[in-house]
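Participant: Right, I'll just put the structure down here and ask away after.
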Amino acid sequence: MEAVTQSSLALPRLFRHITRLFSAAALFLTPFVFVETAHADFRVCNSTQNLVGVAIGYRAQNGWVSEGWWQVPSSTCATLIEGELQSRYYYLYAEDAAHGGRWTGDVNMCVAENEFKITGVDDCYARSFQRMGFKEYDTGRQGSWMVQLSDTPGTQGNQN
């Protein structure tokens, strides 16, 4: 049988002490090391199996603005507005590129065939645009918002 000496007990105690110190430090520092900075923005996520084209509308200083098209592939997200949201209400229109399905609402705004940024919502046809119904999203003045587009009705407006 091997004799236990004071020096042979010191190493395991020292090891346990150092391990506890590192564990405590890791728990304390983890929130600072691993937490990502939250980004404020307006995002749209596509949970369908198809490419979706998305347009957004909002009230700016110069009046109503609609802009598009963001191409959002299946199972991905796109940021439509970067940074802190400035308005309470945003409006969204989207089309399924493969099957022609649409996510619409009751608020009419102008859209164009190709990439666009249009000021104003009146006289869409007279200005050579199309008019589409956009769905209203009340963000409650939150700094960021996310809309989930899916094949299932009723799950398209989820907040951040």
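If you're wondering about the labels, chains in the structure tokens are A, B, ... by order shown, residues count from 1 in each chain, ligands from 1 in order shown.
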Leaving out Cys110 of chain A and any residue of its chain fewer than 4 positions from it, which residues lie within 10 Å of it when counting only C-alpha atoms, given as a list in words?
Facilitator: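 My list of contacting residues is Ala55, Gly57, Trp64, Val65, Ser66, Glu67, Phe116, Lys117, Ile118, Thr119, Gly120, Val121, Asp122, Asp123, Cys124, Tyr125, Arg127, Ser128, Phe129, Gln130, Arg131, Met132, Gly133 and Phe134 of chain A.
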Participant: Would you write out those residues with C-alpha atoms, as a PDB file, in the first residue's frame?
Facilitator:
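This went into out22.pdb:
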ATOM      1  CA  ALA A  55     -42.209  44.247 -51.505  1.00  0.00           C
ATOM      2  CA  GLY A  57     -44.399  49.761 -47.871  1.00  0.00           C
ATOM      3  CA  TRP A  64     -45.777  56.828 -48.536  1.00  0.00           C
ATOM      4  CA  VAL A  65     -43.062  54.654 -50.073  1.00  0.00           C
ATOM      5  CA  SER A  66     -43.231  51.170 -51.545  1.00  0.00           C
ATOM      6  CA  GLU A  67     -40.162  49.281 -52.673  1.00  0.00           C
ATOM      7  CA  PHE A 116     -38.546  49.734 -57.661  1.00  0.00           C
ATOM      8  CA  LYS A 117     -38.837  52.474 -55.039  1.00  0.00           C
ATOM      9  CA  ILE A 118     -42.048  54.432 -55.519  1.00  0.00           C
ATOM     10  CA  THR A 119     -43.161  57.499 -53.565  1.00  0.00           C
ATOM     11  CA  GLY A 120     -46.917  57.839 -53.225  1.00  0.00           C
ATOM     12  CA  VAL A 121     -49.798  55.377 -53.327  1.00  0.00           C
ATOM     13  CA  ASP A 122     -52.232  57.257 -55.571  1.00  0.00           C
ATOM     14  CA  ASP A 123     -52.700  56.948 -59.335  1.00  0.00           C
ATOM     15  CA  CYS A 124     -50.592  53.802 -59.658  1.00  0.00           C
ATOM     16  CA  TYR A 125     -51.928  52.951 -63.138  1.00  0.00           C
ATOM     17  CA  ARG A 127     -47.958  56.494 -63.361  1.00  0.00           C
ATOM     18  CA  SER A 128     -47.364  53.184 -65.223  1.00  0.00           C
ATOM     19  CA  PHE A 129     -47.292  51.045 -62.066  1.00  0.00           C
ATOM     20  CA  GLN A 130     -49.500  48.237 -60.826  1.00  0.00           C
ATOM     21  CA  ARG A 131     -51.599  48.414 -57.671  1.00  0.00           C
ATOM     22  CA  MET A 132     -51.452  45.590 -55.122  1.00  0.00           C
ATOM     23  CA  GLY A 133     -52.959  45.012 -51.689  1.00  0.00           C
ATOM     24  CA  PHE A 134     -50.358  45.036 -48.921  1.00  0.00           C
TER      25      PHE A 134
END
Participant: Quick one: pick out all strand (DSSP E or B) residues within segment 39-71 of chain A from a backbone DSSP run and write them as a PyMOL selection string.
Facilitator: chain A and resi 41-46+52-60+63-71
Participant: Just checking: using only C-alpha atoms, which residue out of A:Tyr58, A:Glu95, A:Pro73, A:Val44 ends up closest to Val107 of chain A?
Facilitator: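 Smallest separation from Val107 of chain A among the options: A:Tyr58.
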Participant: Using only C-alpha atoms, which residue out of A:Glu82, A:Cys77, A:Ala60, A:Glu136 lies closest to Asp106 of chain A?
Facilitator: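 Ranked by minimum distance to Asp106 of chain A, first place goes to A:Glu136.
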Participant: Find the distance between atom CA of Thr48 of chain A and atom CA of Arg141 of chain A and write it in Å to one decimal.
Facilitator: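 Between atom CA of Thr48 of chain A and atom CA of Arg141 of chain A the gap is 28.0 Å.
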Participant: Calculated over only C-alpha atoms, which of the candidates A:Asp151, A:Thr139, A:Glu84, A:Arg102 has the smallest distance to Ala40 of chain A?
Facilitator: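 Of A:Asp151, A:Thr139, A:Glu84, A:Arg102, the one nearest Ala40 of chain A is A:Glu84, counting only C-alpha atoms.
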Participant: In Å to one decimal, how far is atom CA of Asn62 of chain A from atom CA of Met146 of chain A?
Facilitator: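 Going from atom CA of Met146 of chain A over to atom CA of Asn62 of chain A, I get 24.9 Å.
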Participant: For Leu80 of chain A, which residue out of A:Glu113, A:Asp96, A:Asp41, A:Asp138 is the nearest one, using only C-alpha atoms?
Facilitator: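 Of A:Glu113, A:Asp96, A:Asp41, A:Asp138, the one nearest Leu80 of chain A, counting only C-alpha atoms, is A:Asp41.
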Participant: Quick check, in Å to one decimal: how far apart do atom CA of Arg88 of chain A and atom CA of Gln61 of chain A lie?
Facilitator: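 So the answer is 13.6 Å.
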Participant: Find, counting only C-alpha atoms, the residue in A:Tyr89, A:Tyr137, A:Phe42, A:Trp70 that gets nearest to Gly105 of chain A.
Facilitator: A:Tyr137
